[in-house]
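Below is one structure, written out as structure tokens, with a few remarks after it.
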Amino acid sequence: MTNDPALRRTLVLGGLGALWLGLCVWSAASGAVPIPSTSVLAIALESLGLPGIWEVDEGHRAVVMSLRLPRIALASFVGAALALGGAVMQGLFRNPLAAPGLVGVSTGAALFAALFIVLGTSAGWLYTIGLPGSAFIGATLVCVLVFQLSTVDGVTSVTTMLLAGIAINALSGALTGILVFVADDAAIRNLTFWSLGSLGGATWQGLQVLSFSTALPAFACLFLAGPLNALLLGEAEAGHLGVNVEQLKRFAVLLVALMVGSSVATTGVIGFVGLVVPHLCRLALGPDHRTLLPASLLAGPALLVGADVLSRTIVAPAELPIGIVTTVLGSPFFLWLLLRSRGGAGGLGE
């Protein structure tokens, strides 16, 4: 690898972008109905208003445009939100083991989703709208509660936020357990599948809302690179460099809550993306958030698009919940990183 930081950054980001595009083509071509990659490329060109090179079967066109492309877009938005949110939280807490779930986003969403599933309707348009809506409200409320508990006289303690997040996460998990205990079999089944994550509900209409609630916060997160770099030196040092640390904390948590809350509400809980992806990018590129944040923004979609292909093909024609795939892939790899780092260089604290 070259020693020129700018060239190295360009090569890595370009490689991640190419990897994501390649996985998108693979995802669009794979499934119960195999579609040639040439047809996928022709459909993509036609959708961009360019003339197609190869003739496309109309059935293949319908499968790609109505079923697979919405899943690819959903996986890309959610993967970007989870990975970028993880990178921001790791920079904010100055801890590479931090994840968006530390501020209660995932458990808050799960609690309110469980509340809706157990007490609400189980079918129809109300369920389709109410489940993600309830999950988003829960993620937002729990995140606000954690932030309020960690703020005294206008000063937010990152350590207190971490401890408050652990406590609120435990309480939300216990309350969710109570709801599961009183739920009937149908509600338990719905809640179990939601908590394991799925991209099966992807639609172009739903993506319009999700794209707005993830793309804008993700774009804003990229401007946090400089302040997060300064924060690596410590809060006092960052303040001396002109960073409004308290404003940074509030803004960062708000952006992460909006991105991750919207994603979890749409797909259910998808684990390990927000933890593993930013850490891998940090190992490959270093702690500079000017590179780390855009790298996470590209690597997250690549991971989730690839995981979605596996979830649809491993047990075809059935579909494995994607949260299981990401956890199975992420856990051993992260354990390998832990074992690799024990010798010193490349450790988790770097």
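Going by the structure tokens order, chains are called A, B, ..., each with residues numbered from 1, while ligands are numbered from 1 in the order shown.
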Write out as a Markdown table the residues of stretch 244-323 of chain A that have any atom within 9 Å of an atom of stretch 82-94 of chain A, one row each with the nearest atom pair and its distance in Å to one decimal, counting only C-alpha atoms, sorted by chain and then rising number.
| residue | atom | partner | partner_atom | distance |
| --- | --- | --- | --- | --- |
| A:Leu248 | CA | A:Leu92 | CA | 8.6 |
| A:Lys249 | CA | A:Leu92 | CA | 7.1 |
| A:Ala252 | CA | A:Val88 | CA | 7.0 |
| A:Val253 | CA | A:Met89 | CA | 7.8 |
| A:Leu255 | CA | A:Gly85 | CA | 8.0 |
| A:Val256 | CA | A:Gly85 | CA | 5.1 |
| A:Ala257 | CA | A:Gly85 | CA | 8.3 |
| A:Met259 | CA | A:Gly85 | CA | 7.3 |
| A:Val260 | CA | A:Leu82 | CA | 5.9 |
| A:Ser263 | CA | A:Leu82 | CA | 7.7 |
| A:Val264 | CA | A:Leu82 | CA | 9.0 |
| A:Ile270 | CA | A:Leu82 | CA | 8.7 |
| A:Phe272 | CA | A:Leu82 | CA | 9.0 |
| A:Val273 | CA | A:Ala83 | CA | 5.8 |
| A:Gly274 | CA | A:Gly86 | CA | 4.3 |
| A:Leu275 | CA | A:Gly86 | CA | 5.9 |
| A:Val276 | CA | A:Ala83 | CA | 8.1 |
| A:Val277 | CA | A:Ala83 | CA | 5.8 |
| A:Pro278 | CA | A:Ala87 | CA | 5.1 |
| A:His279 | CA | A:Ala87 | CA | 7.8 |
| A:Arg282 | CA | A:Ala87 | CA | 8.9 |
| A:Pro287 | CA | A:Gly91 | CA | 8.7 |
| A:His289 | CA | A:Gly91 | CA | 8.0 |
| A:Leu292 | CA | A:Ala87 | CA | 7.4 |
| A:Leu293 | CA | A:Leu84 | CA | 6.2 |
| A:Pro294 | CA | A:Leu84 | CA | 7.9 |
| A:Ala295 | CA | A:Leu84 | CA | 8.6 |
| A:Ser296 | CA | A:Leu84 | CA | 5.4 |
| A:Leu297 | CA | A:Leu84 | CA | 5.4 |
| A:Leu298 | CA | A:Ala83 | CA | 8.7 |
| A:Ala299 | CA | A:Ala83 | CA | 7.6 |
| A:Gly300 | CA | A:Ala83 | CA | 5.0 |
| A:Pro301 | CA | A:Ala83 | CA | 8.2 |
Please dump the current selection as a CSV table (one decimal), in the first residue's frame; keep N, CA, C and O atoms.
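Dumped everything to part.csv:
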chain,number,residue,atom,x,y,z
A,248,LEU,N,-21.4,19.8,19.9
A,248,LEU,CA,-21.0,18.7,19.1
A,248,LEU,C,-21.7,17.4,19.6
A,248,LEU,O,-22.2,16.6,18.8
A,249,LYS,N,-21.7,17.2,21.0
A,249,LYS,CA,-22.3,16.0,21.5
A,249,LYS,C,-23.8,16.0,21.2
A,249,LYS,O,-24.3,14.9,20.7
A,252,ALA,N,-24.3,15.4,17.3
A,252,ALA,CA,-23.9,14.0,16.9
A,252,ALA,C,-24.9,13.0,17.4
A,252,ALA,O,-25.3,12.1,16.6
A,253,VAL,N,-25.4,13.1,18.6
A,253,VAL,CA,-26.4,12.1,19.1
A,253,VAL,C,-27.7,12.3,18.4
A,253,VAL,O,-28.3,11.3,18.0
A,255,LEU,N,-28.1,13.3,15.2
A,255,LEU,CA,-28.0,12.8,13.9
A,255,LEU,C,-28.0,11.2,13.9
A,255,LEU,O,-28.6,10.6,13.1
A,256,VAL,N,-27.3,10.6,14.9
A,256,VAL,CA,-27.2,9.2,15.0
A,256,VAL,C,-28.6,8.6,15.3
A,256,VAL,O,-29.0,7.6,14.8
A,257,ALA,N,-29.3,9.3,16.3
A,257,ALA,CA,-30.6,8.8,16.6
A,257,ALA,C,-31.6,8.8,15.5
A,257,ALA,O,-32.4,7.9,15.3
A,259,MET,N,-30.8,8.8,12.1
A,259,MET,CA,-30.4,7.8,11.1
A,259,MET,C,-30.7,6.4,11.6
A,259,MET,O,-31.4,5.6,10.9
A,260,VAL,N,-30.2,6.0,12.7
A,260,VAL,CA,-30.3,4.6,13.2
A,260,VAL,C,-31.7,4.3,13.6
A,260,VAL,O,-32.2,3.2,13.4
A,263,SER,N,-33.7,3.6,10.6
A,263,SER,CA,-33.3,2.3,10.0
A,263,SER,C,-33.9,1.1,10.8
A,263,SER,O,-34.4,0.2,10.2
A,264,VAL,N,-33.7,1.2,12.1
A,264,VAL,CA,-34.2,0.1,12.9
A,264,VAL,C,-35.7,0.0,12.8
A,264,VAL,O,-36.3,-1.1,12.8
A,270,ILE,N,-30.6,-5.0,13.3
A,270,ILE,CA,-29.6,-5.7,12.5
A,270,ILE,C,-28.3,-5.4,13.3
A,270,ILE,O,-27.8,-4.3,13.3
A,272,PHE,N,-24.3,-5.7,14.8
A,272,PHE,CA,-22.8,-5.8,14.4
A,272,PHE,C,-22.4,-4.9,13.3
A,272,PHE,O,-21.2,-4.6,13.2
A,273,VAL,N,-23.3,-4.3,12.5
A,273,VAL,CA,-22.8,-3.5,11.4
A,273,VAL,C,-22.2,-2.2,12.0
A,273,VAL,O,-21.1,-1.8,11.5
A,274,GLY,N,-22.9,-1.6,12.9
A,274,GLY,CA,-22.4,-0.3,13.5
A,274,GLY,C,-21.2,-0.5,14.4
A,274,GLY,O,-20.5,0.5,14.7
A,275,LEU,N,-20.8,-1.7,14.7
A,275,LEU,CA,-19.6,-2.0,15.6
A,275,LEU,C,-18.4,-2.4,14.7
A,275,LEU,O,-17.3,-1.8,14.8
A,276,VAL,N,-18.6,-3.4,13.8
A,276,VAL,CA,-17.5,-4.0,13.1
A,276,VAL,C,-17.1,-3.1,11.9
A,276,VAL,O,-15.9,-2.9,11.8
A,277,VAL,N,-18.0,-2.5,11.2
A,277,VAL,CA,-17.6,-1.8,10.0
A,277,VAL,C,-16.7,-0.6,10.3
A,277,VAL,O,-15.6,-0.4,9.7
A,278,PRO,N,-17.0,0.3,11.3
A,278,PRO,CA,-16.1,1.4,11.5
A,278,PRO,C,-14.8,1.0,12.1
A,278,PRO,O,-13.8,1.6,11.8
A,279,HIS,N,-14.8,-0.1,12.9
A,279,HIS,CA,-13.6,-0.6,13.4
A,279,HIS,C,-12.6,-1.1,12.3
A,279,HIS,O,-11.4,-0.9,12.3
A,282,ARG,N,-11.2,1.8,10.6
A,282,ARG,CA,-10.2,2.4,11.4
A,282,ARG,C,-8.9,1.6,11.3
A,282,ARG,O,-7.8,2.2,11.2
A,287,PRO,N,-7.3,6.6,12.4
A,287,PRO,CA,-8.3,7.2,13.1
A,287,PRO,C,-8.8,8.6,12.6
A,287,PRO,O,-9.7,9.2,13.1
A,289,HIS,N,-11.0,11.0,11.0
A,289,HIS,CA,-12.4,10.9,10.6
A,289,HIS,C,-12.7,11.5,9.3
A,289,HIS,O,-13.8,11.2,8.7
A,292,LEU,N,-12.3,8.2,7.7
A,292,LEU,CA,-13.0,7.1,8.4
A,292,LEU,C,-14.5,7.2,8.1
A,292,LEU,O,-15.2,6.2,7.9
A,293,LEU,N,-15.1,8.4,8.2
A,293,LEU,CA,-16.5,8.6,8.0
A,293,LEU,C,-17.0,8.2,6.6
A,293,LEU,O,-17.9,7.5,6.4
A,294,PRO,N,-16.3,8.8,5.5
A,294,PRO,CA,-16.8,8.3,4.2
A,294,PRO,C,-16.5,6.9,3.9
A,294,PRO,O,-17.3,6.2,3.2
A,295,ALA,N,-15.4,6.3,4.5
A,295,ALA,CA,-15.2,4.9,4.3
A,295,ALA,C,-16.3,4.1,4.9
A,295,ALA,O,-16.8,3.1,4.3
A,296,SER,N,-16.7,4.4,6.1
A,296,SER,CA,-17.8,3.7,6.8
A,296,SER,C,-19.1,3.9,6.0
A,296,SER,O,-19.9,2.9,5.9
A,297,LEU,N,-19.3,5.0,5.4
A,297,LEU,CA,-20.5,5.3,4.6
A,297,LEU,C,-20.6,4.4,3.4
A,297,LEU,O,-21.6,4.1,2.9
A,298,LEU,N,-19.4,4.0,2.9
A,298,LEU,CA,-19.4,3.1,1.7
A,298,LEU,C,-19.3,1.6,2.1
A,298,LEU,O,-19.9,0.7,1.5
A,299,ALA,N,-18.6,1.3,3.2
A,299,ALA,CA,-18.4,-0.1,3.6
A,299,ALA,C,-19.7,-0.7,4.2
A,299,ALA,O,-20.0,-1.9,4.0
A,300,GLY,N,-20.5,0.1,4.9
A,300,GLY,CA,-21.7,-0.3,5.5
A,300,GLY,C,-22.7,-0.9,4.5
A,300,GLY,O,-23.2,-2.0,4.6
A,301,PRO,N,-23.0,-0.1,3.4
A,301,PRO,CA,-23.9,-0.6,2.4
A,301,PRO,C,-23.3,-1.9,1.7
A,301,PRO,O,-24.1,-2.8,1.4
Could you give me, as CSV, a per-residue list for stretch 227-266 of chain A showing, wherever an atom lies at most 8 Å from an atom of stretch 132-144 of chain A, the closest pair of atoms and their distance in Å to one decimal, using only C-alpha atoms and sorting by chain then residue number from low to high?
residue,atom,partner,partner_atom,distance
A:Ala257,CA,A:Thr140,CA,6.4
A:Leu258,CA,A:Thr140,CA,7.5
A:Gly261,CA,A:Phe136,CA,5.3
A:Ser262,CA,A:Phe136,CA,5.8
A:Val264,CA,A:Ala135,CA,7.4
A:Ala265,CA,A:Pro132,CA,4.3
A:Thr266,CA,A:Pro132,CA,5.4
Convert the current residue selection to file output with N, CA and C atoms, as a PDB file, in the first residue's frame.
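Generated file (selection35.pdb):
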ATOM      1  N   ALA A 257     -29.285   9.282  16.264  1.00  0.00           N
ATOM      2  CA  ALA A 257     -30.621   8.811  16.645  1.00  0.00           C
ATOM      3  C   ALA A 257     -31.575   8.847  15.462  1.00  0.00           C
ATOM      4  N   LEU A 258     -31.490   9.900  14.654  1.00  0.00           N
ATOM      5  CA  LEU A 258     -32.382  10.017  13.507  1.00  0.00           C
ATOM      6  C   LEU A 258     -32.071   8.952  12.461  1.00  0.00           C
ATOM      7  N   GLY A 261     -32.413   5.298  14.244  1.00  0.00           N
ATOM      8  CA  GLY A 261     -33.800   5.079  14.640  1.00  0.00           C
ATOM      9  C   GLY A 261     -34.688   4.803  13.443  1.00  0.00           C
ATOM     10  N   SER A 262     -34.519   5.570  12.369  1.00  0.00           N
ATOM     11  CA  SER A 262     -35.301   5.340  11.152  1.00  0.00           C
ATOM     12  C   SER A 262     -34.994   3.975  10.546  1.00  0.00           C
ATOM     13  N   VAL A 264     -33.690   1.183  12.086  1.00  0.00           N
ATOM     14  CA  VAL A 264     -34.187   0.090  12.928  1.00  0.00           C
ATOM     15  C   VAL A 264     -35.700  -0.014  12.831  1.00  0.00           C
ATOM     16  N   ALA A 265     -36.367   1.130  12.773  1.00  0.00           N
ATOM     17  CA  ALA A 265     -37.825   1.110  12.659  1.00  0.00           C
ATOM     18  C   ALA A 265     -38.278   0.456  11.363  1.00  0.00           C
ATOM     19  N   THR A 266     -37.494   0.594  10.305  1.00  0.00           N
ATOM     20  CA  THR A 266     -37.879   0.051   9.000  1.00  0.00           C
ATOM     21  C   THR A 266     -37.547  -1.424   8.861  1.00  0.00           C
TER      22      THR A 266
END
Could I get the residues of stretch 184-234 of chain A with an atom no further than 12 Å from an atom of stretch 160-176 of chain A, each paired with its nearest atom pair and that distance in Å to one decimal, using only C-alpha atoms, sorted by chain and residue number, as CSV?
residue,atom,partner,partner_atom,distance
A:Ile188,CA,A:Thr176,CA,11.0
A:Leu191,CA,A:Thr176,CA,9.9
A:Thr192,CA,A:Thr176,CA,11.3
A:Ser195,CA,A:Thr176,CA,11.0
List as a ChimeraX atom specification the protein and nucleic acid residues near A:Ser211, meaning an atom at most 9 Å away when only C-alpha atoms are counted, but skip any in the same chain fewer than 4 places from it. /A:74,77,206-207,215-216
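Atom CA of A:Leu228 is found 11.6 Å from atom CA of A:Leu241.
Closest approach to A:Ser66 among A:Val158, A:Val243, A:Ala202, A:Leu303: A:Ala202, based on only C-alpha atoms.
Our summary of the geometry notes that atom CA of A:Val118 is positioned 5.6 Å from atom CA of A:Ala183.
Across the model, the gap from atom CA of A:Phe112 to atom CA of A:Gly79 is 22.3 Å.
Within stretch 112-275 of chain A, DSSP applied to the backbone places the following residues in strand (DSSP E): Thr151, Val152, Val155 and Thr156 of chain A.
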request  = Please give the complete set of residues from stretch 71-242 of chain A that DSSP, run on the backbone, assigns to helix (DSSP H, G or I), formatted as a ChimeraX atom specification.
outcome  = /A:71-93,100-103,105-119,124-149,158-182,185-196,204-231,235-240
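Each of A:Val269, A:Val328, A:Ile43, A:Ala18 was checked against A:Leu196 using only C-alpha atoms; the smallest atom-to-atom distance is that of A:Val269.
The shortest atom-to-atom distance to A:Cys281, with only C-alpha atoms taken into account, belongs to A:Pro96 out of A:Pro96, A:Met65, A:Ala81, A:Thr214.
Of the residues under consideration (A:Asp57, A:Phe193, A:Glu246, A:Ala230), A:Glu246 shows the shortest atom-to-atom contact distance to A:Gly154 when counting only C-alpha atoms.
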